[in-house]
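S.K.: You'll find input-v8.pdb just under this line, and it carries PDB, C-alpha atoms.
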```pdb
ATOM      1  CA  MET A 626     114.898  79.177  83.636
ATOM      2  CA  SER A 627     112.284  79.678  86.282
ATOM      3  CA  SER A 628     113.392  80.435  89.814
ATOM      4  CA  ILE A 629     110.785  77.935  91.036
ATOM      5  CA  ARG A 630     111.123  74.163  91.104
ATOM      6  CA  VAL A 631     107.872  72.493  92.068
ATOM      7  CA  ARG A 632     106.266  69.044  92.214
ATOM      8  CA  ALA A 633     102.578  68.356  92.763
ATOM      9  CA  GLN A 634     101.636  64.754  93.528
ATOM     10  CA  LEU A 635      98.070  63.497  93.898
ATOM     11  CA  ARG A 636      97.432  60.630  96.301
ATOM     12  CA  ASP A 637      94.087  59.564  97.810
ATOM     13  CA  GLY A 638      92.446  62.820  96.727
ATOM     14  CA  VAL A 639      95.094  65.018  98.351
ATOM     15  CA  THR A 640      97.586  66.947  96.247
ATOM     16  CA  ASN A 641     100.941  67.416  97.939
ATOM     17  CA  VAL A 642     102.934  70.362  96.610
ATOM     18  CA  ARG A 643     106.644  70.818  97.292
ATOM     19  CA  ALA A 644     108.412  73.903  95.989
ATOM     20  CA  LEU A 645     111.945  75.295  96.101
ATOM     21  CA  ILE A 646     112.534  78.904  95.087
ATOM     22  CA  SER A 647     115.935  80.424  94.270
ATOM     23  CA  HIS A 648     116.091  83.719  96.157
ATOM     24  CA  PRO A 649     118.694  85.417  98.401
ATOM     25  CA  MET A 650     116.148  86.314 101.133
ATOM     26  CA  GLU A 651     118.388  89.092 102.504
ATOM     27  CA  THR A 652     117.137  90.339 105.873
ATOM     28  CA  GLY A 653     118.706  93.786 105.608
ATOM     29  CA  GLN A 654     120.744  93.080 108.765
ATOM     30  CA  ARG A 655     123.677  91.247 107.225
ATOM     31  CA  ARG A 656     126.956  93.004 106.391
ATOM     32  CA  ASP A 657     129.156  92.103 103.439
ATOM     33  CA  ASN A 658     132.929  91.599 103.586
ATOM     34  CA  SER A 659     133.626  95.337 103.442
ATOM     35  CA  GLY A 660     131.218  96.038 106.293
ATOM     36  CA  ASN A 661     128.383  97.525 104.283
ATOM     37  CA  VAL A 662     124.834  96.541 105.174
ATOM     38  CA  VAL A 663     123.324  94.311 102.482
ATOM     39  CA  GLU A 664     119.988  95.754 101.384
ATOM     40  CA  ALA A 665     116.860  93.824 102.393
ATOM     41  CA  HIS A 666     115.652  91.634  99.547
ATOM     42  CA  TYR A 667     113.113  88.964 100.344
ATOM     43  CA  ILE A 668     109.958  87.359  98.981
ATOM     44  CA  THR A 669     106.837  88.860 100.554
ATOM     45  CA  GLU A 670     104.141  86.743  98.958
ATOM     46  CA  VAL A 671     103.729  83.341  97.307
ATOM     47  CA  VAL A 672     100.388  82.503  95.685
ATOM     48  CA  ALA A 673      99.130  79.085  94.555
ATOM     49  CA  GLU A 674      96.100  78.887  92.277
ATOM     50  CA  MET A 675      94.420  76.572  89.789
ATOM     51  CA  GLY A 676      92.747  78.637  87.096
ATOM     52  CA  SER A 677      90.471  80.976  89.038
ATOM     53  CA  ARG A 678      90.539  78.803  92.180
ATOM     54  CA  HIS A 679      92.736  80.234  94.923
ATOM     55  CA  ILE A 680      94.565  77.542  96.891
ATOM     56  CA  MET A 681      96.926  79.359  99.260
ATOM     57  CA  THR A 682      98.709  82.665  99.809
ATOM     58  CA  ALA A 683     101.880  82.716 101.894
ATOM     59  CA  ASN A 684     102.888  86.057 103.443
ATOM     60  CA  TRP A 685     106.580  85.923 104.211
ATOM     61  CA  GLY A 686     108.911  88.088 106.240
ATOM     62  CA  PRO A 687     112.723  88.180 106.032
ATOM     63  CA  ALA A 688     112.964  85.303 108.552
ATOM     64  CA  ILE A 689     112.311  82.727 105.826
ATOM     65  CA  SER A 690     115.550  80.968 104.867
ATOM     66  CA  ARG A 691     117.570  81.616 101.722
ATOM     67  CA  ASN A 692     116.322  79.635  98.705
ATOM     68  CA  PRO A 693     112.965  79.040 100.391
ATOM     69  CA  TYR A 694     111.228  75.692 100.682
ATOM     70  CA  LEU A 695     107.461  75.468 100.944
ATOM     71  CA  SER A 696     105.115  72.511 101.024
ATOM     72  CA  PHE A 697     101.349  72.378 101.419
ATOM     73  CA  GLU A 698      98.403  70.069 100.672
ATOM     74  CA  PHE A 699      94.966  70.576  99.188
ATOM     75  CA  GLU A 700      91.955  68.545  98.073
ATOM     76  CA  GLY A 701      89.779  68.553  94.991
ATOM     77  CA  ALA A 702      92.291  68.445  92.126
ATOM     78  CA  ASN A 703      92.521  65.869  89.324
ATOM     79  CA  THR A 704      95.571  64.366  87.660
ATOM     80  CA  GLY A 705      96.680  66.471  84.711
ATOM     81  CA  GLU A 706      95.298  69.749  86.046
ATOM     82  CA  THR A 707      97.642  72.714  86.231
ATOM     83  CA  LEU A 708      98.729  74.433  89.426
ATOM     84  CA  LYS A 709     100.275  77.892  89.130
ATOM     85  CA  LEU A 710     102.756  79.148  91.685
ATOM     86  CA  SER A 711     103.961  82.756  91.717
ATOM     87  CA  TRP A 712     105.997  84.982  94.021
ATOM     88  CA  VAL A 713     106.694  88.681  94.421
ATOM     89  CA  ASP A 714     109.452  90.241  96.539
ATOM     90  CA  ASN A 715     109.947  93.520  98.388
ATOM     91  CA  LYS A 716     111.667  95.054  95.342
ATOM     92  CA  GLY A 717     108.709  94.221  93.096
ATOM     93  CA  GLU A 718     110.549  91.418  91.304
ATOM     94  CA  GLN A 719     108.391  88.406  90.521
ATOM     95  CA  ASP A 720     108.290  85.024  88.881
ATOM     96  CA  SER A 721     105.799  82.241  88.317
ATOM     97  CA  THR A 722     105.656  78.700  87.037
ATOM     98  CA  GLU A 723     103.053  76.072  86.261
ATOM     99  CA  VAL A 724     103.123  72.395  87.111
ATOM    100  CA  ARG A 725     100.916  69.518  86.007
ATOM    101  CA  ILE A 726      99.481  67.522  88.884
ATOM    102  CA  GLY A 727     100.705  63.936  88.598
TER     103      GLY A 727
ATOM    104  CA  MET B 501     106.748 106.970 108.319
ATOM    105  CA  ASN B 502     107.141 103.368 109.272
ATOM    106  CA  CYS B 503     107.895 104.272 112.860
ATOM    107  CA  LYS B 504     104.841 106.519 113.114
ATOM    108  CA  ARG B 505     102.654 103.805 111.690
ATOM    109  CA  ARG B 506     103.898 101.409 114.352
ATOM    110  CA  VAL B 507     103.056 103.882 117.098
ATOM    111  CA  PHE B 508      99.640 104.365 115.541
ATOM    112  CA  LEU B 509      99.060 100.613 115.352
ATOM    113  CA  LYS B 510     100.064 100.134 118.958
ATOM    114  CA  GLY B 511      97.624 102.875 119.939
ATOM    115  CA  THR B 512      94.714 101.270 118.131
ATOM    116  CA  LEU B 513      95.585  97.856 119.496
ATOM    117  CA  ALA B 514      95.695  99.190 123.020
ATOM    118  CA  ALA B 515      92.259 100.737 122.523
ATOM    119  CA  GLY B 516      90.785  97.405 121.461
ATOM    120  CA  THR B 517      90.797  95.437 118.277
ATOM    121  CA  VAL B 518      91.523  96.724 114.817
ATOM    122  CA  GLY B 519      87.901  95.886 114.039
ATOM    123  CA  VAL B 520      86.724  98.412 116.617
ATOM    124  CA  ALA B 521      88.951 101.014 114.993
ATOM    125  CA  VAL B 522      87.316 100.269 111.634
ATOM    126  CA  GLY B 523      83.888 100.641 113.216
ATOM    127  CA  ALA B 524      84.858 104.030 114.590
ATOM    128  CA  GLY B 525      86.008 105.097 111.128
ATOM    129  CA  LEU B 526      89.620 105.425 112.220
ATOM    130  CA  LEU B 527      90.914 103.024 109.593
ATOM    131  CA  THR B 528      89.871 102.791 105.975
ATOM    132  CA  PRO B 529      89.440  99.284 104.525
ATOM    133  CA  SER B 530      92.654  99.656 102.523
ATOM    134  CA  THR B 531      94.601 100.211 105.741
ATOM    135  CA  VAL B 532      93.170  96.986 107.114
ATOM    136  CA  LEU B 533      94.197  95.112 103.991
ATOM    137  CA  ALA B 534      97.753  96.283 104.596
ATOM    138  CA  SER B 535      97.701  94.597 108.007
ATOM    139  CA  ALA B 536      99.069  91.342 106.624
ATOM    140  CA  ARG B 537     102.347  93.226 106.093
ATOM    141  CA  ASP B 538     102.091  95.275 109.299
ATOM    142  CA  ALA B 539     102.029  92.083 111.367
ATOM    143  CA  PHE B 540     105.709  91.592 110.473
ATOM    144  CA  GLN B 541     106.520  94.861 112.286
ATOM    145  CA  ALA B 542     104.922  93.690 115.538
ATOM    146  CA  GLU B 543     107.414  93.192 118.381
ATOM    147  CA  SER B 544     105.572  90.573 120.437
ATOM    148  CA  VAL B 545     103.718  87.348 119.695
ATOM    149  CA  SER B 546     100.408  88.749 120.939
ATOM    150  CA  ASP B 547     100.719  91.976 118.901
ATOM    151  CA  ALA B 548     101.607  89.957 115.787
ATOM    152  CA  LEU B 549      98.637  87.643 116.330
ATOM    153  CA  ARG B 550      96.246  90.544 116.860
ATOM    154  CA  VAL B 551      97.298  92.129 113.578
ATOM    155  CA  ALA B 552      97.661  88.930 111.511
ATOM    156  CA  MET B 553      94.818  86.841 112.962
ATOM    157  CA  GLY B 554      92.485  89.399 114.511
ATOM    158  CA  SER B 555      92.905  88.087 118.057
ATOM    159  CA  ALA B 556      95.622  87.018 120.476
ATOM    160  CA  ASN B 557      93.468  84.565 122.471
ATOM    161  CA  HIS B 558      94.620  81.087 121.576
ATOM    162  CA  SER B 559      94.216  77.716 123.226
ATOM    163  CA  SER B 560      96.823  75.025 122.747
ATOM    164  CA  GLY B 561      95.939  71.822 120.986
ATOM    165  CA  ASN B 562      94.445  70.537 117.745
ATOM    166  CA  LEU B 563      97.664  71.063 115.863
ATOM    167  CA  VAL B 564     101.260  69.940 115.957
ATOM    168  CA  VAL B 565     104.395  71.910 115.210
ATOM    169  CA  ARG B 566     107.468  69.935 114.210
ATOM    170  CA  ALA B 567     110.884  71.530 114.563
ATOM    171  CA  PRO B 568     114.338  70.270 115.536
ATOM    172  CA  GLU B 569     115.093  70.502 119.280
ATOM    173  CA  LEU B 570     118.606  71.578 118.410
ATOM    174  CA  ALA B 571     119.407  73.610 115.301
ATOM    175  CA  GLU B 572     123.125  73.466 114.532
ATOM    176  CA  ASN B 573     122.654  75.924 111.697
ATOM    177  CA  GLY B 574     120.240  78.726 112.528
ATOM    178  CA  ALA B 575     120.158  79.794 108.881
ATOM    179  CA  VAL B 576     118.047  76.807 107.877
ATOM    180  CA  VAL B 577     115.596  75.492 110.459
ATOM    181  CA  PRO B 578     112.839  73.252 109.068
ATOM    182  CA  ILE B 579     109.393  73.905 110.575
ATOM    183  CA  SER B 580     106.229  71.906 109.880
ATOM    184  CA  VAL B 581     102.692  72.605 111.036
ATOM    185  CA  GLU B 582     100.192  69.748 110.836
ATOM    186  CA  SER B 583      96.557  69.538 111.797
ATOM    187  CA  ASP B 584      93.450  67.499 111.037
ATOM    188  CA  LEU B 585      91.269  70.529 111.777
ATOM    189  CA  ALA B 586      88.806  71.198 108.963
ATOM    190  CA  GLY B 587      88.162  74.703 107.711
ATOM    191  CA  VAL B 588      91.434  76.321 108.775
ATOM    192  CA  SER B 589      91.540  79.754 107.125
ATOM    193  CA  ASP B 590      94.870  81.048 108.440
ATOM    194  CA  VAL B 591      98.140  79.649 109.758
ATOM    195  CA  ALA B 592     100.943  81.669 111.348
ATOM    196  CA  ILE B 593     104.448  80.602 112.382
ATOM    197  CA  LEU B 594     106.233  82.736 114.988
ATOM    198  CA  ALA B 595     109.642  82.688 116.672
ATOM    199  CA  ALA B 596     108.765  84.113 120.093
ATOM    200  CA  ALA B 597     112.227  85.439 121.001
ATOM    201  CA  ALA B 598     112.846  87.321 117.753
ATOM    202  CA  ASN B 599     112.632  91.133 117.565
ATOM    203  CA  HIS B 600     109.824  90.668 115.050
ATOM    204  CA  PRO B 601     108.306  87.282 115.956
ATOM    205  CA  LEU B 602     106.128  86.654 112.893
ATOM    206  CA  THR B 603     108.074  84.603 110.333
ATOM    207  CA  SER B 604     105.219  83.886 107.945
ATOM    208  CA  SER B 605     101.456  83.588 107.690
ATOM    209  CA  TYR B 606      99.335  81.597 105.276
ATOM    210  CA  LYS B 607      95.827  82.197 103.924
ATOM    211  CA  LEU B 608      94.161  78.902 103.078
ATOM    212  CA  SER B 609      91.143  78.504 100.817
ATOM    213  CA  PRO B 610      88.470  75.850 101.505
ATOM    214  CA  GLY B 611      89.953  72.459 100.603
ATOM    215  CA  THR B 612      93.493  73.475 101.493
ATOM    216  CA  LYS B 613      94.768  71.537 104.503
ATOM    217  CA  ALA B 614      96.539  72.961 107.522
ATOM    218  CA  ASN B 615      99.704  71.052 106.649
ATOM    219  CA  ILE B 616     102.510  73.470 105.863
ATOM    220  CA  SER B 617     106.263  73.130 105.900
ATOM    221  CA  THR B 618     108.916  75.755 105.379
ATOM    222  CA  ARG B 619     112.415  76.659 106.566
ATOM    223  CA  ILE B 620     113.210  79.698 108.679
ATOM    224  CA  LYS B 621     116.251  81.596 109.965
ATOM    225  CA  MET B 622     116.816  81.828 113.708
ATOM    226  CA  GLY B 623     119.327  84.137 115.369
ATOM    227  CA  GLN B 624     118.867  82.696 118.852
ATOM    228  CA  THR B 625     117.197  79.964 120.859
ATOM    229  CA  SER B 626     113.454  80.486 120.801
ATOM    230  CA  GLU B 627     110.053  78.969 121.269
ATOM    231  CA  ILE B 628     108.450  78.330 117.878
ATOM    232  CA  VAL B 629     104.709  78.992 118.023
ATOM    233  CA  ALA B 630     102.307  77.820 115.321
ATOM    234  CA  VAL B 631      98.757  79.147 115.300
ATOM    235  CA  ALA B 632      95.781  78.018 113.208
ATOM    236  CA  LYS B 633      92.507  79.927 112.853
ATOM    237  CA  VAL B 634      89.155  78.119 112.457
ATOM    238  CA  ASP B 635      85.897  80.108 112.528
ATOM    239  CA  GLY B 636      87.594  82.902 114.446
ATOM    240  CA  GLN B 637      89.049  80.520 117.079
ATOM    241  CA  LEU B 638      92.836  80.290 117.409
ATOM    242  CA  TYR B 639      94.594  77.028 118.223
ATOM    243  CA  SER B 640      98.298  76.864 118.938
ATOM    244  CA  ALA B 641     101.232  74.547 119.436
ATOM    245  CA  SER B 642     104.793  75.362 120.379
ATOM    246  CA  GLN B 643     108.205  73.833 120.612
ATOM    247  CA  GLU B 644     111.545  75.207 121.754
ATOM    248  CA  VAL B 645     114.409  75.178 119.273
ATOM    249  CA  ARG B 646     117.909  75.624 120.692
ATOM    250  CA  VAL B 647     120.203  77.440 118.264
ATOM    251  CA  THR B 648     123.964  76.993 118.529
ATOM    252  CA  VAL B 649     125.000  79.188 115.579
ATOM    253  CA  GLY B 650     122.731  82.082 114.685
ATOM    254  CA  GLY B 651     121.509  82.460 111.125
ATOM    255  CA  CYS B 652     120.465  86.094 110.983
ATOM    256  CA  GLY B 653     123.846  87.794 110.839
ATOM    257  CA  GLY B 654     124.985  85.563 107.953
TER     258      GLY B 654
END
```
Here is the file; what I need is its structure written in the form of structure tokens.
M.R.:
Amino acid sequence: MSSIRVRAQLRDGVTNVRALISHPMETGQRRDNSGNVVEAHYITEVVAEMGSRHIMTANWGPAISRNPYLSFEFEGANTGETLKLSWVDNKGEQDSTEVRIG
Amino acid sequence: MNCKRRVFLKGTLAAGTVGVAVGAGLLTPSTVLASARDAFQAESVSDALRVAMGSANHSSGNLVVRAPELAENGAVVPISVESDLAGVSDVAILAAAANHPLTSSYKLSPGTKANISTRIKMGQTSEIVAVAKVDGQLYSASQEVRVTVGGCGG
């Protein structure tokens, strides 16, 4: 199952995208129960695109909350088109998903 | 390595803009491309803005930042930036009191609106500053968020 849950709704020519990503977003400052520092592990980049059209790139630091939420809006899409959302984290892990604009 | 790079960055920033450094051949283009990440190492709002947005001169207005006045749980603080400005190319969200103020920055393509929401962690009470860039001009809005339980230590 994808780590990304996303909805893209078109209204009056504006597509509203709301996404939730499952990710620990560890800052590298937190200590676990035995007192050891938990290694930093956070998403550094989220990219939204439609085919070859770039919509938005988010650059994130460790201050973004655990299981991040992101919403944004853009113009010029049609119902039924596909929006692709992908992320990469500081360990090089990545995931992506596609959603039909409804 | 990281520490040296920060010292180097501070030096170039003190001498002028990063652009001037490029002109003088001090920085290769690939180093400039890395600046989106370097901005997260900056220790003040103005340093972060210079690295992320190319300038620290911003005038308030033309956008709105929405955040709770009181965050009972600093681990999850919802922040929204909204603006009717056309042609916004970049948005940044900063927590002024944090050791590294930049929380996130966003590159917007033409047609993408300056309406962004996310959730951030806050370890302490801080001014939240949102900045939008249009044609090289920076516009800002800010709001203080009081934090009762910090969210950085877990």
S.K.: Calculated over only C-alpha atoms, which of the candidates A:Met675, A:Asp637, A:Leu645, A:Thr652 has the smallest distance to A:Leu708?
M.R.: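 Result for the nearest residue to A:Leu708: A:Met675.
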S.K.: Output as a Markdown table one row per residue of chain A within 6 Å of chain B: the closest atom pair and its distance in Å to one decimal place, counting all atoms listed in the file, sorted by chain and residue number ascending.
M.R.:
```
| residue | atom | partner | partner_atom | distance |
| --- | --- | --- | --- | --- |
| A:Arg655 | CA | B:Gly653 | CA | 5.0 |
| A:Ile680 | CA | B:Ser609 | CA | 5.3 |
| A:Met681 | CA | B:Leu608 | CA | 4.7 |
| A:Thr682 | CA | B:Lys607 | CA | 5.0 |
| A:Ala683 | CA | B:Tyr606 | CA | 4.4 |
| A:Asn684 | CA | B:Ser605 | CA | 5.1 |
| A:Trp685 | CA | B:Ser604 | CA | 4.5 |
| A:Gly686 | CA | B:Thr603 | CA | 5.4 |
| A:Ala688 | CA | B:Lys621 | CA | 5.2 |
| A:Ile689 | CA | B:Ile620 | CA | 4.3 |
| A:Ser690 | CA | B:Ile620 | CA | 4.6 |
| A:Tyr694 | CA | B:Thr618 | CA | 5.2 |
| A:Leu695 | CA | B:Thr618 | CA | 4.7 |
| A:Ser696 | CA | B:Ser617 | CA | 5.0 |
| A:Phe697 | CA | B:Ile616 | CA | 4.7 |
| A:Glu698 | CA | B:Lys613 | CA | 5.5 |
| A:Phe699 | CA | B:Thr612 | CA | 4.0 |
| A:Glu700 | CA | B:Gly611 | CA | 5.1 |
```
S.K.: Apply the PyMOL selection byres ((chain A and resi 715) around 10) to the file shown and report the selected residues as a PyMOL selection string.
M.R.: chain A and resi 650+665-670+686-687+713-714+716-719
S.K.: Atom CA of B:Val634 and atom CA of B:Ala597, how far apart in Å?
M.R.: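 Computing the Euclidean distance for atom CA of B:Ala597 and atom CA of B:Val634 yields 25.7 Å.
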S.K.: I need the residue nearest A:Lys709 from this list: A:Ser721, A:Gln634, A:Gln654, A:Ser628. Use all atoms listed in the file for the distance.
M.R.: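 Closest to A:Lys709 of all the choices is A:Ser721.
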S.K.: Rank nothing, just name the residue among B:Glu627, B:Asp584, B:Val649, B:Gln637 nearest to B:Glu569, using all atoms listed in the file.
M.R.: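 Ranking B:Glu627, B:Asp584, B:Val649, B:Gln637 by distance to B:Glu569, first place goes to B:Glu627.
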S.K.: To one decimal place in Å, what is the distance between atom CA of B:Ser555 and atom CA of B:Ser640?
M.R.: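 Taking atom CA of B:Ser555 as the start and atom CA of B:Ser640 as the end point, the length is 12.5 Å.
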S.K.: State, in Å with one decimal place, the distance from atom CA of A:Thr722 to atom CA of A:Ile646.
M.R.: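 Between atom CA of A:Thr722 and atom CA of A:Ile646 the gap works out to 10.6 Å.
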S.K.: Compile the contact shell of A:Ser711 as a ChimeraX atom specification: residues with an atom at most 6 Å away, counting all atoms listed in the file, same-chain residues fewer than 4 positions apart removed.
M.R.: /A:671-672,720-721
S.K.: Kindly export the residues of the current selection with C-alpha atoms, as a PDB file, in the frame of the given file.
M.R.:
```pdb
ATOM      1  CA  VAL A 671     103.729  83.341  97.307  1.00  0.00           C
ATOM      2  CA  VAL A 672     100.388  82.503  95.685  1.00  0.00           C
ATOM      3  CA  ASP A 720     108.290  85.024  88.881  1.00  0.00           C
ATOM      4  CA  SER A 721     105.799  82.241  88.317  1.00  0.00           C
TER       5      SER A 721
END
```
S.K.: Apply the PyMOL selection byres ((chain A and resi 727) around 7) to the displayed file and report the matching residues as a ChimeraX atom specification.
M.R.: /A:633-635,704-705,725-726
S.K.: When the PyMOL selection byres ((chain B and resi 565) around 7) is applied to the file above, which residues end up in the set, as a list in words?
M.R.: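 For this structure, the PyMOL selection byres ((chain B and resi 565) around 7) resolves to Leu563, Val564, Arg566, Ala567, Ser580, Val581, Glu582, Ala630, Ala641, Ser642 and Gln643 of chain B.
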S.K.: Next, the residues of the selection above should be written as a compact mmCIF listing (two decimals), in the frame of the given file with C-alpha atoms.
M.R.:
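Generated file (out_20.txt):
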```txt
# COMPACT_ATOMS: atom_id res chain seq x y z
CA LEU B 563 97.66 71.06 115.86
CA VAL B 564 101.26 69.94 115.96
CA ARG B 566 107.47 69.94 114.21
CA ALA B 567 110.88 71.53 114.56
CA SER B 580 106.23 71.91 109.88
CA VAL B 581 102.69 72.60 111.04
CA GLU B 582 100.19 69.75 110.84
CA ALA B 630 102.31 77.82 115.32
CA ALA B 641 101.23 74.55 119.44
CA SER B 642 104.79 75.36 120.38
CA GLN B 643 108.20 73.83 120.61
```
